[in-house]
file start_10.cif (mmCIF, C-alpha atoms)
data_run
loop_
_atom_site.label_atom_id
_atom_site.label_comp_id
_atom_site.auth_asym_id
_atom_site.auth_seq_id
_atom_site.Cartn_x
_atom_site.Cartn_y
_atom_site.Cartn_z
CA MET W 1 -21.63 -43.22 21.84
CA GLN W 2 -17.92 -42.43 21.80
CA PRO W 3 -16.56 -38.87 21.89
CA ILE W 4 -15.03 -37.40 18.73
CA PHE W 5 -11.66 -37.04 20.47
CA ALA W 6 -10.61 -40.39 21.87
CA ILE W 7 -8.18 -38.83 24.34
CA GLY W 8 -10.26 -35.82 25.36
CA LEU W 9 -9.15 -32.41 26.58
CA PRO W 10 -6.68 -32.05 29.45
CA HIS W 11 -8.12 -31.15 32.84
CA GLY W 12 -6.99 -30.69 36.42
CA MET W 13 -3.49 -31.94 37.13
CA GLU W 14 -2.73 -32.36 33.40
CA TRP W 15 -2.82 -28.58 32.89
CA ILE W 16 -0.27 -28.12 35.69
CA TRP W 17 2.11 -30.62 34.04
CA ILE W 18 1.67 -28.95 30.65
CA PHE W 19 2.38 -25.54 32.19
CA LEU W 20 5.53 -26.82 33.97
CA ILE W 21 6.87 -28.40 30.78
CA PHE W 22 6.11 -25.15 28.94
CA ILE W 23 8.16 -23.19 31.51
CA LEU W 24 11.05 -25.66 31.26
CA VAL W 25 11.13 -25.54 27.46
CA PHE W 26 10.80 -21.79 26.93
CA GLY W 27 12.02 -20.37 30.23
CA ALA W 28 10.14 -18.08 32.59
CA ASP W 29 11.52 -14.89 31.06
CA LYS W 30 10.34 -15.69 27.50
CA ILE W 31 6.74 -16.63 28.34
CA PRO W 32 5.52 -12.98 28.66
CA LYS W 33 7.25 -12.13 25.37
CA LEU W 34 5.58 -15.09 23.65
CA ALA W 35 2.18 -14.14 25.08
CA ARG W 36 2.64 -10.50 24.01
CA GLY W 37 3.61 -11.57 20.49
CA LEU W 38 0.63 -13.91 20.29
CA GLY W 39 -1.68 -11.12 21.46
CA LYS W 40 -0.32 -8.69 18.85
CA SER W 41 -0.68 -11.30 16.11
CA LEU W 42 -4.26 -12.02 17.08
CA GLY W 43 -5.03 -8.27 17.19
CA GLU W 44 -3.60 -7.74 13.70
CA PHE W 45 -5.51 -10.74 12.39
CA LYS W 46 -8.75 -9.39 13.88
CA LYS W 47 -8.13 -5.95 12.34
CA ALA W 48 -7.39 -7.46 8.92
CA LYS W 49 -10.56 -9.57 9.14
CA GLU W 50 -12.66 -6.51 10.02
CA ASP W 51 -11.11 -4.50 7.16
CA PHE W 52 -11.82 -7.33 4.73
CA GLU W 53 -15.43 -7.60 5.89
CA LYS W 54 -15.84 -3.81 5.61
CA GLU W 55 -14.45 -3.82 2.05
CA LEU W 56 -16.67 -6.75 1.13
CA HIS W 57 -19.73 -4.96 2.53
CA ASN W 58 -18.84 -1.71 0.72
CA ALA W 59 -18.29 -3.54 -2.55
CA SER W 60 -21.66 -5.27 -2.32
CA THR W 61 -23.65 -2.13 -1.43
CA THR W 62 -22.18 0.53 -3.75
CA PRO W 63 -22.99 0.39 -7.46
CA PRO W 64 -20.04 0.26 -9.83
CA VAL W 65 -19.00 3.48 -11.59
CA GLN W 66 -19.35 2.07 -15.08
CA PRO W 67 -20.65 5.12 -17.10
CA ALA W 68 -17.59 7.27 -16.38
CA LEU W 69 -15.26 4.42 -17.25
CA ASP W 70 -17.17 3.69 -20.46
CA GLU W 71 -16.94 7.38 -21.48
CA LYS W 72 -13.17 7.43 -20.92
CA MET W 73 -12.76 4.28 -23.00
CA ARG W 74 -14.90 5.69 -25.82
CA VAL W 75 -12.89 8.95 -25.94
CA ALA W 76 -9.60 7.04 -25.87
CA ASN W 77 -10.71 4.78 -28.73
CA THR W 78 -11.85 7.65 -30.99
CA GLN W 79 -8.48 9.43 -30.93
CA PRO W 80 -6.18 8.18 -33.69
CA ALA W 81 -3.11 6.42 -32.49
CA THR W 82 -0.19 7.56 -34.61
CA PRO W 83 3.07 6.44 -33.09
CA ALA W 84 6.04 8.65 -33.78
CA THR W 85 8.76 7.03 -35.82
CA PRO W 86 12.34 7.35 -34.57
CA THR W 87 13.26 9.62 -37.49
CA GLU W 88 10.42 12.07 -36.74
CA SER W 89 11.17 12.46 -33.05
CA ALA W 90 14.98 12.49 -33.24
CA GLY W 91 16.60 15.89 -33.33
CA SER W 92 20.07 14.72 -34.31
CA ILE W 93 21.90 11.66 -35.60
CA ASP W 94 23.08 10.81 -32.07
CA GLU W 95 19.52 10.69 -30.76
CA LEU W 96 18.50 8.58 -33.75
CA THR W 97 21.20 6.00 -33.12
CA LYS W 98 20.29 5.83 -29.42
CA LYS W 99 16.64 5.07 -30.22
CA ILE W 100 17.46 2.33 -32.71
#
call {"tool": "encode", "arguments": {"input": "start_10.cif", "output": "structure tokens"}}
result
Amino acid sequence: MQPIFAIGLPHGMEWIWIFLIFILVFGADKIPKLARGLGKSLGEFKKAKEDFEKELHNASTTPPVQPALDEKMRVANTQPATPATPTESAGSIDELTKKI
């Protein structure tokens, strides 16, 4: 049976060559900065994942607050909606021309 990866993972001396090429490409002074940035990114990703899981858990365990919302909608629908016309709300001719 053949492995899934035909080449396989690097081991031994291959890791040393990869590390040396990495130093040559990025420079020795930038490697700690890159590692620090990668660590911060992974930390933020982990925090966002935990927050998402917490929100998902809270949403699945707490019942929705439907009765209060239904009552607000019922009260809002029973009040007559009479929009003010521009002539009723304007105090002067200047205000009337601005609204039209």
call {"tool": "atom_distance", "arguments": {"input": "start_10.cif", "atom1": "atom CA of W:Leu34", "atom2": "atom CA of W:Met13"}}
result
23.4 Å
call {"tool": "atom_distance", "arguments": {"input": "start_10.cif", "atom1": "atom CA of W:Arg36", "atom2": "atom CA of W:Pro10"}}
result
24.1 Å
call {"tool": "atom_distance", "arguments": {"input": "start_10.cif", "atom1": "atom CA of W:Glu55", "atom2": "atom CA of W:Ser41"}}
result
21.1 Å
